[in-house]
file work.tsv (TSV, C-alpha atoms)
chain	number	residue	atom	x	y	z
A	1	MET	CA	6.41	1.96	81.25
A	2	ASN	CA	9.05	2.52	78.57
A	3	GLN	CA	7.38	2.24	75.13
A	4	ILE	CA	9.28	2.60	71.89
A	5	SER	CA	8.00	3.21	68.38
A	6	LEU	CA	8.26	1.18	65.22
A	7	TYR	CA	11.45	2.50	63.67
A	8	GLN	CA	13.63	3.13	66.70
A	9	ARG	CA	16.93	1.27	66.33
A	10	GLU	CA	16.47	-0.10	69.85
A	11	LEU	CA	14.13	-2.70	68.33
A	12	LEU	CA	17.11	-4.21	66.54
A	13	THR	CA	19.64	-3.75	69.34
A	14	GLY	CA	17.61	-4.49	72.46
A	15	HIS	CA	14.99	-7.11	73.27
A	16	TYR	CA	11.34	-6.01	72.97
A	17	HIS	CA	7.93	-7.58	72.55
A	18	PRO	CA	4.90	-5.97	70.86
A	19	LYS	CA	1.91	-5.33	73.11
A	20	VAL	CA	-1.62	-4.30	72.09
A	21	PHE	CA	-3.04	-1.38	74.08
A	22	ALA	CA	-6.37	-0.83	72.32
A	23	TYR	CA	-8.50	-2.27	69.52
A	24	TYR	CA	-11.98	-1.73	68.13
A	25	PHE	CA	-14.29	-2.44	65.23
A	26	LYS	CA	-16.38	0.54	64.16
A	27	ARG	CA	-18.62	1.68	61.33
A	28	TRP	CA	-18.08	5.36	60.53
A	29	GLU	CA	-20.66	7.50	58.77
A	30	SER	CA	-20.17	11.13	57.76
A	31	TYR	CA	-17.30	11.67	60.18
A	32	HIS	CA	-14.42	14.16	60.09
A	33	MET	CA	-11.97	13.57	62.91
A	34	SER	CA	-9.67	16.30	64.24
A	35	PHE	CA	-5.93	15.89	63.85
A	36	HIS	CA	-4.51	13.93	66.75
A	37	SER	CA	-1.62	11.61	67.62
A	38	HIS	CA	-0.89	9.02	70.28
A	39	LYS	CA	2.14	7.27	71.67
A	40	GLU	CA	1.09	3.89	70.28
A	41	ILE	CA	1.57	2.60	66.73
A	42	GLU	CA	-1.78	2.23	64.95
A	43	ILE	CA	-3.09	-0.03	62.21
A	44	MET	CA	-6.26	1.29	60.54
A	45	TYR	CA	-7.75	-1.46	58.36
A	46	VAL	CA	-10.69	-0.82	56.00
A	47	MET	CA	-13.03	-3.80	56.19
A	48	ASP	CA	-15.69	-2.26	53.96
A	49	GLY	CA	-16.50	1.04	52.26
A	50	LYS	CA	-14.21	4.01	51.67
A	51	CYS	CA	-12.47	6.64	53.74
A	52	MET	CA	-9.56	9.04	53.75
A	53	VAL	CA	-6.74	9.15	56.27
A	54	GLU	CA	-4.94	12.46	56.26
A	55	THR	CA	-1.47	13.05	57.67
A	56	MET	CA	0.52	16.27	57.65
A	57	GLU	CA	2.12	15.05	54.41
A	58	GLU	CA	-0.82	13.87	52.32
A	59	ALA	CA	-4.39	12.62	52.23
A	60	VAL	CA	-4.59	8.89	51.51
A	61	SER	CA	-7.75	7.45	49.91
A	62	MET	CA	-8.50	3.98	51.20
A	63	LYS	CA	-11.00	1.27	50.32
A	64	LYS	CA	-11.81	-2.29	51.32
A	65	GLY	CA	-8.63	-4.30	51.91
A	66	ASP	CA	-6.38	-1.25	52.34
A	67	PHE	CA	-4.66	-0.51	55.62
A	68	ILE	CA	-2.34	2.14	56.95
A	69	LEU	CA	0.33	1.54	59.58
A	70	LEU	CA	1.01	4.80	61.45
A	71	ASP	CA	4.04	5.14	63.65
A	72	ALA	CA	3.73	6.57	67.16
A	73	ASN	CA	3.24	10.34	67.53
A	74	VAL	CA	2.27	10.88	63.88
A	75	PRO	CA	-0.56	13.45	63.58
A	76	HIS	CA	-3.44	12.09	61.51
A	77	ARG	CA	-7.19	12.18	61.12
A	78	LEU	CA	-9.95	10.05	59.61
A	79	MET	CA	-12.50	11.49	57.16
A	80	VAL	CA	-15.59	9.60	55.99
A	81	ASP	CA	-18.20	11.07	53.61
A	82	LYS	CA	-21.86	10.54	54.39
A	83	ASN	CA	-22.48	8.76	51.06
A	84	THR	CA	-19.67	6.25	51.57
A	85	PRO	CA	-19.70	4.84	55.12
A	86	CYS	CA	-16.64	2.91	56.24
A	87	ARG	CA	-16.22	-0.08	58.55
A	88	MET	CA	-12.79	-0.35	60.12
A	89	LEU	CA	-10.68	-2.46	62.45
A	90	ASN	CA	-8.16	-0.44	64.44
A	91	VAL	CA	-5.37	-1.91	66.54
A	92	GLU	CA	-2.98	0.18	68.64
A	93	PHE	CA	0.23	-1.37	69.92
A	94	SER	CA	3.72	-0.55	71.08
A	95	PHE	CA	6.90	-2.34	72.12
A	96	LEU	CA	7.92	-3.08	75.70
A	97	LYS	CA	10.96	-4.74	77.22
A	98	LYS	CA	10.95	-8.47	76.63
A	99	GLU	CA	9.43	-10.69	79.30
A	100	GLY	CA	9.40	-14.45	79.11
A	101	ASN	CA	11.01	-16.76	76.57
A	102	PHE	CA	9.18	-15.80	73.38
A	103	PRO	CA	11.66	-14.40	70.77
A	104	SER	CA	12.08	-10.63	70.76
A	105	ILE	CA	11.66	-8.48	67.64
A	106	LYS	CA	15.45	-8.39	67.36
A	107	GLU	CA	15.61	-12.19	67.40
A	108	LEU	CA	12.78	-12.50	64.87
A	109	ALA	CA	14.43	-9.95	62.59
A	110	SER	CA	17.73	-11.83	62.72
A	111	GLU	CA	15.90	-14.76	61.06
A	112	ASN	CA	13.82	-12.67	58.65
A	113	LYS	CA	15.42	-10.33	56.12
A	114	ASN	CA	12.13	-8.62	55.20
A	115	LEU	CA	11.43	-7.70	58.81
A	116	THR	CA	14.95	-6.30	59.28
A	117	GLU	CA	14.69	-4.16	56.14
A	118	PHE	CA	11.20	-2.98	57.08
A	119	LEU	CA	12.36	-1.80	60.52
A	120	LEU	CA	15.41	-0.05	59.06
A	121	HIS	CA	13.40	2.05	56.59
A	122	SER	CA	12.13	4.77	58.87
A	123	ARG	CA	8.91	6.42	57.70
A	124	SER	CA	5.93	8.07	59.35
A	125	TYR	CA	3.44	5.66	57.85
A	126	VAL	CA	3.03	2.99	55.19
A	127	VAL	CA	-0.10	2.19	53.16
A	128	LEU	CA	-0.52	-1.33	51.82
A	129	LYS	CA	-3.10	-3.46	50.01
A	130	ASP	CA	-3.96	-6.68	51.81
A	131	SER	CA	-4.41	-10.06	50.14
A	132	ASN	CA	-6.60	-11.07	53.13
A	133	GLU	CA	-3.85	-12.58	55.28
A	134	ILE	CA	-3.33	-9.36	57.28
A	135	TYR	CA	-7.03	-9.08	58.09
A	136	TYR	CA	-7.26	-12.67	59.31
A	137	THR	CA	-4.20	-12.26	61.51
A	138	LEU	CA	-5.53	-8.98	62.93
A	139	LYS	CA	-8.85	-10.65	63.64
A	140	ASN	CA	-7.10	-13.57	65.36
A	141	VAL	CA	-5.14	-11.12	67.53
A	142	VAL	CA	-8.40	-9.49	68.62
A	143	LEU	CA	-10.06	-12.87	69.27
A	144	GLU	CA	-7.17	-13.88	71.52
A	145	LEU	CA	-7.29	-10.54	73.35
A	146	ASP	CA	-10.99	-11.11	74.07
A	147	LYS	CA	-10.35	-14.49	75.70
A	148	LYS	CA	-10.05	-14.81	79.46
A	149	GLU	CA	-7.61	-17.68	79.47
A	150	SER	CA	-4.58	-17.22	81.70
A	151	GLU	CA	-2.22	-18.63	79.05
A	152	LYS	CA	-3.43	-16.50	76.13
A	153	ASP	CA	-0.31	-14.26	76.14
A	154	ILE	CA	1.80	-16.76	74.18
A	155	MET	CA	-0.87	-16.94	71.46
A	156	ILE	CA	-1.04	-13.14	71.27
A	157	GLN	CA	2.76	-12.98	70.92
A	158	LEU	CA	2.62	-15.57	68.14
A	159	GLN	CA	-0.11	-13.67	66.30
A	160	LEU	CA	1.64	-10.30	66.68
A	161	ALA	CA	4.93	-11.76	65.46
A	162	GLN	CA	3.12	-13.27	62.48
A	163	LEU	CA	1.41	-9.93	61.79
A	164	LEU	CA	4.68	-7.97	61.74
A	165	ILE	CA	6.39	-10.53	59.49
A	166	GLN	CA	3.41	-10.53	57.11
A	167	ILE	CA	3.39	-6.72	56.92
A	168	ALA	CA	7.15	-6.67	56.29
A	169	ARG	CA	6.80	-9.28	53.54
A	170	LEU	CA	3.93	-7.35	51.95
A	171	ALA	CA	5.94	-4.10	52.07
A	172	ALA	CA	8.92	-5.85	50.44
A	173	TRP	CA	6.68	-7.26	47.71
A	174	GLU	CA	5.16	-3.81	47.06
A	175	LYS	CA	8.64	-2.30	46.88
A	176	GLU	CA	9.77	-4.95	44.40
A	177	LYS	CA	6.62	-4.48	42.32
A	178	LYS	CA	7.17	-0.71	42.25
A	179	SER	CA	10.79	-1.22	41.19
A	180	GLU	CA	9.70	-3.60	38.41
A	181	HIS	CA	7.08	-1.08	37.28
A	182	GLN	CA	9.68	1.70	37.15
A	183	GLN	CA	12.02	-0.55	35.17
A	184	ALA	CA	9.19	-1.45	32.79
A	185	ASP	CA	8.44	2.26	32.33
A	186	LEU	CA	12.06	2.81	31.31
A	187	TYR	CA	12.01	-0.02	28.75
A	188	VAL	CA	8.72	1.21	27.28
A	189	LYS	CA	10.07	4.76	27.06
A	190	LYS	CA	13.19	3.52	25.25
A	191	THR	CA	11.02	1.48	22.88
A	192	ILE	CA	8.84	4.47	22.01
A	193	GLU	CA	11.92	6.61	21.42
A	194	TYR	CA	13.32	3.91	19.12
A	195	LEU	CA	10.05	3.75	17.17
A	196	HIS	CA	9.94	7.51	16.70
A	197	HIS	CA	13.53	7.56	15.46
A	198	ASN	CA	13.21	4.54	13.17
A	199	TYR	CA	9.57	4.38	12.01
A	200	ASP	CA	10.73	5.09	8.42
A	201	CYS	CA	12.85	1.92	8.40
A	202	ASP	CA	11.81	-1.69	7.88
A	203	ILE	CA	11.90	-2.72	11.54
A	204	GLN	CA	10.61	-5.75	13.44
A	205	VAL	CA	10.01	-6.44	17.13
A	206	LYS	CA	13.27	-8.41	17.34
A	207	ASP	CA	15.16	-5.30	16.15
A	208	ILE	CA	13.56	-3.20	18.87
A	209	SER	CA	14.19	-5.79	21.59
A	210	GLN	CA	17.87	-5.90	20.62
A	211	ALA	CA	18.04	-2.10	20.72
A	212	VAL	CA	16.64	-1.95	24.27
A	213	ASN	CA	18.40	-5.18	25.35
A	214	LEU	CA	15.30	-7.10	26.42
A	215	HIS	CA	13.71	-10.42	25.46
A	216	PRO	CA	11.08	-9.88	22.69
A	217	GLY	CA	8.34	-11.74	24.56
A	218	TYR	CA	8.85	-9.81	27.80
A	219	LEU	CA	9.08	-6.50	25.94
A	220	HIS	CA	5.82	-7.30	24.17
A	221	ARG	CA	4.06	-8.03	27.48
A	222	ILE	CA	5.20	-4.91	29.34
A	223	PHE	CA	4.59	-2.65	26.33
A	224	LYS	CA	1.01	-3.91	25.98
A	225	LYS	CA	0.43	-3.56	29.72
A	226	GLN	CA	1.83	-0.02	29.88
A	227	THR	CA	0.37	1.44	26.68
A	228	GLY	CA	-2.71	-0.66	25.97
A	229	SER	CA	-1.46	-1.55	22.48
A	230	THR	CA	1.09	-3.93	21.02
A	231	ILE	CA	4.38	-2.64	19.61
A	232	VAL	CA	3.16	-3.36	16.07
A	233	GLU	CA	-0.10	-1.49	16.72
A	234	TYR	CA	1.80	1.47	18.14
A	235	LEU	CA	4.21	1.50	15.17
A	236	THR	CA	1.34	1.30	12.69
A	237	SER	CA	-0.47	4.17	14.40
A	238	LEU	CA	2.73	6.24	14.40
A	239	ARG	CA	3.30	5.55	10.69
A	240	MET	CA	-0.28	6.44	9.79
A	241	GLU	CA	-0.02	9.74	11.65
A	242	LYS	CA	3.23	10.51	9.83
A	243	ALA	CA	1.54	9.58	6.53
A	244	LYS	CA	-1.35	11.94	7.28
A	245	MET	CA	1.12	14.73	7.94
A	246	LEU	CA	3.01	14.06	4.68
A	247	LEU	CA	-0.21	13.89	2.69
A	248	ALA	CA	-1.45	17.14	4.20
A	249	ASP	CA	1.70	19.24	4.33
A	250	THR	CA	3.88	18.08	1.41
A	251	ASP	CA	3.61	17.50	-2.33
A	252	ILE	CA	5.22	14.05	-2.15
A	253	PRO	CA	3.34	11.79	-4.61
A	254	VAL	CA	0.90	9.44	-2.90
A	255	ILE	CA	2.59	6.39	-4.43
A	256	GLU	CA	5.84	7.35	-2.66
A	257	ILE	CA	4.42	8.12	0.78
A	258	SER	CA	4.64	4.50	1.92
A	259	TYR	CA	8.43	4.49	1.49
A	260	TYR	CA	8.77	7.61	3.63
A	261	ILE	CA	7.14	5.82	6.56
A	262	GLY	CA	8.95	2.48	6.31
A	263	ILE	CA	6.31	0.43	4.48
A	264	ASN	CA	7.72	-1.10	1.29
A	265	SER	CA	4.39	-2.25	-0.14
A	266	ARG	CA	2.12	0.42	-1.60
A	267	PRO	CA	-1.00	-1.81	-1.60
A	268	TYR	CA	-0.38	-2.75	2.04
A	269	PHE	CA	0.09	0.90	2.97
A	270	SER	CA	-3.20	1.82	1.25
A	271	LEU	CA	-4.95	-1.00	3.08
A	272	LEU	CA	-3.61	0.10	6.47
A	273	PHE	CA	-4.37	3.76	5.80
A	274	LYS	CA	-7.95	2.99	4.78
A	275	LYS	CA	-8.42	0.91	7.91
A	276	TYR	CA	-6.94	3.68	10.08
A	277	THR	CA	-8.74	6.70	8.56
A	278	ASN	CA	-11.68	5.21	6.60
A	279	MET	CA	-10.20	6.92	3.53
A	280	THR	CA	-7.64	6.00	0.91
A	281	PRO	CA	-4.48	8.14	0.83
A	282	ASN	CA	-5.78	9.92	-2.30
A	283	GLU	CA	-9.14	10.61	-0.65
A	284	TYR	CA	-7.42	11.95	2.45
A	285	ARG	CA	-5.22	14.35	0.47
A	286	LYS	CA	-8.22	15.61	-1.53
A	287	SER	CA	-10.24	16.15	1.68
A	288	VAL	CA	-7.40	18.24	3.10
A	289	GLU	CA	-7.20	20.27	-0.13
A	290	ARG	CA	-10.98	20.90	-0.06
A	291	ASN	CA	-10.73	22.14	3.53
A	292	ILE	CA	-7.91	24.49	2.57
A	293	VAL	CA	-10.01	25.98	-0.23
A	294	LYS	CA	-13.10	26.15	2.00
A	295	PHE	CA	-11.37	27.99	4.81
A	296	GLY	CA	-9.13	30.05	2.53
A	297	ARG	CA	-5.92	28.76	3.97

call {"tool": "encode", "arguments": {"input": "work.tsv", "output": "structure tokens"}}
result
Amino acid sequence: MNQISLYQRELLTGHYHPKVFAYYFKRWESYHMSFHSHKEIEIMYVMDGKCMVETMEEAVSMKKGDFILLDANVPHRLMVDKNTPCRMLNVEFSFLKKEGNFPSIKELASENKNLTEFLLHSRSYVVLKDSNEIYYTLKNVVLELDKKESEKDIMIQLQLAQLLIQIARLAAWEKEKKSEHQQADLYVKKTIEYLHHNYDCDIQVKDISQAVNLHPGYLHRIFKKQTGSTIVEYLTSLRMEKAKMLLADTDIPVIEISYYIGINSRPYFSLLFKKYTNMTPNEYRKSVERNIVKFGR
């Protein structure tokens, strides 16, 4: 029986069908499996609890709704701590030469860009977070496998085809989300650099968005998501820290400090500083001077 693995190019050049060889539901408690591999591809789906799946490359922490798709012949082991039991659904499958009229993986991939791209990106394993559709399809595959009907094979092929397309779509979505996150990181980094270089100027969010070439509303959203504060809050915090430094380390008159940090209103600066430090600028400078005398600096 000629079985091929998930990322062999033969899947996209020849005609193969997926076939399940083993499946089981199991609750694991305080279990440390030895490293092993098998010639089938394996899906390990966490239905409840927590576990760790370790490969030769890394140890992957998994919880409810996570699943790992391991290619054939990839050494791995399951580890479950005694305080966090884990209930899992495992399905092992491979690809055999096409029999019958149901479309092969090659034919399915020719109609589905996500599936083609997924099969072309060779990797030992992929870890994904399910939105419930993978679990229900896996469960339906198992239910069909348990039936004794003579015509169940077509339903199994349908479910397996659906499963592979769903996994490919989920992998593509995760890849796109990661790319968007990396792009957002870059925009946020550029924004922070701009703020540090221009905090002493009278700047507004529209000025920053023009500098980083991004819509103000979108920049506001990703900055808040990445840093936990708005751009204005970050700028205010930066200016107050610079003001504290100037008050502590220079003899610049207090009434001029606001202009050094890009705030053109002295009363507004005093209000912000008091809110930020619970002291007025004068009180802060005097507290620093007292500490210098106290510690003989």

call {"tool": "residues_around", "arguments": {"input": "work.tsv", "residues": "stretch 155-159 of chain A", "least_positions_apart": "5", "cutoff": "7 Å", "atoms": "only C-alpha atoms", "output": "PyMOL selection string"}}
result
chain A and resi 137+141+144

call {"tool": "atom_distance", "arguments": {"input": "work.tsv", "atom1": "atom CA of A:Asp185", "atom2": "atom CA of A:Glu57"}}
result
26.3 Å

call {"tool": "closest_atom_pairs", "arguments": {"input": "work.tsv", "of": "stretch 86-189 of chain A", "to": "stretch 65-69 of chain A", "cutoff": "8 Å", "atoms": "only C-alpha atoms", "output": "JSON lines"}}
result
{"residue": "A:Tyr125", "atom": "CA", "partner": "A:Leu69", "partner_atom": "CA", "distance": 5.4}
{"residue": "A:Val126", "atom": "CA", "partner": "A:Leu69", "partner_atom": "CA", "distance": 5.4}
{"residue": "A:Val127", "atom": "CA", "partner": "A:Ile68", "partner_atom": "CA", "distance": 4.4}
{"residue": "A:Leu128", "atom": "CA", "partner": "A:Phe67", "partner_atom": "CA", "distance": 5.7}
{"residue": "A:Lys129", "atom": "CA", "partner": "A:Asp66", "partner_atom": "CA", "distance": 4.6}
{"residue": "A:Asp130", "atom": "CA", "partner": "A:Gly65", "partner_atom": "CA", "distance": 5.2}
{"residue": "A:Ser131", "atom": "CA", "partner": "A:Gly65", "partner_atom": "CA", "distance": 7.4}
{"residue": "A:Asn132", "atom": "CA", "partner": "A:Gly65", "partner_atom": "CA", "distance": 7.2}
{"residue": "A:Tyr135", "atom": "CA", "partner": "A:Gly65", "partner_atom": "CA", "distance": 8.0}

call {"tool": "write_last_selection", "arguments": {"input": "work.tsv", "atoms": "C-alpha atoms", "output": "tab-separated table (two decimals), keeping the file's coordinate frame"}}
result
chain	number	residue	atom	x	y	z
A	125	TYR	CA	3.44	5.66	57.85
A	126	VAL	CA	3.03	2.99	55.19
A	127	VAL	CA	-0.10	2.19	53.16
A	128	LEU	CA	-0.52	-1.33	51.82
A	129	LYS	CA	-3.10	-3.46	50.01
A	130	ASP	CA	-3.96	-6.68	51.81
A	131	SER	CA	-4.41	-10.06	50.14
A	132	ASN	CA	-6.60	-11.07	53.13
A	135	TYR	CA	-7.03	-9.08	58.09

call {"tool": "residues_around", "arguments": {"input": "work.tsv", "residues": "A:Asn213", "least_positions_apart": "4", "cutoff": "9 Å", "atoms": "only C-alpha atoms", "output": "PyMOL selection string"}}
result
chain A and resi 187+208-209

call {"tool": "residues_around", "arguments": {"input": "work.tsv", "residues": "A:Met44", "least_positions_apart": "5", "cutoff": "12 Å", "atoms": "all atoms listed in the file", "output": "ChimeraX atom specification"}}
result
/A:22-26,51-53,60,62-71,76-78,86-93,125-129,134-135,138

call {"tool": "axis_aligned_box", "arguments": {"input": "work.tsv", "around": "stretch 122-131 of chain A", "padding_each_side": "3 Å", "output": "lines of an AutoDock Vina configuration file"}}
result
center_x = 3.9
center_y = -1.0
center_z = 54.7
size_x = 22.5
size_y = 24.1
size_z = 15.3

call {"tool": "atom_distance", "arguments": {"input": "work.tsv", "atom1": "atom CA of A:Lys97", "atom2": "atom CA of A:Thr55"}}
result
29.2 Å

call {"tool": "closest_residue", "arguments": {"input": "work.tsv", "among": "A:Arg9, A:Lys225, A:Arg285, A:Lys39", "to": "A:Leu246", "atoms": "all atoms listed in the file"}}
result
A:Arg285

call {"tool": "atom_distance", "arguments": {"input": "work.tsv", "atom1": "atom CA of A:Ala171", "atom2": "atom CA of A:Glu133"}}
result
13.3 Å

call {"tool": "residues_around", "arguments": {"input": "work.tsv", "residues": "A:Glu256", "least_positions_apart": "5", "cutoff": "12 Å", "atoms": "all atoms listed in the file", "output": "list in words"}}
result
Ala243, Leu246, Leu247, Thr250, Asp251, Ile261, Gly262, Ile263, Asn264, Ser265, Arg266, Pro267, Phe269, Ser270, Pro281 and Asn282 of chain A

call {"tool": "closest_residue", "arguments": {"input": "work.tsv", "among": "A:Gln166, A:Ser237, A:Thr191, A:Asn101", "to": "A:Phe118", "atoms": "only C-alpha atoms"}}
result
A:Gln166
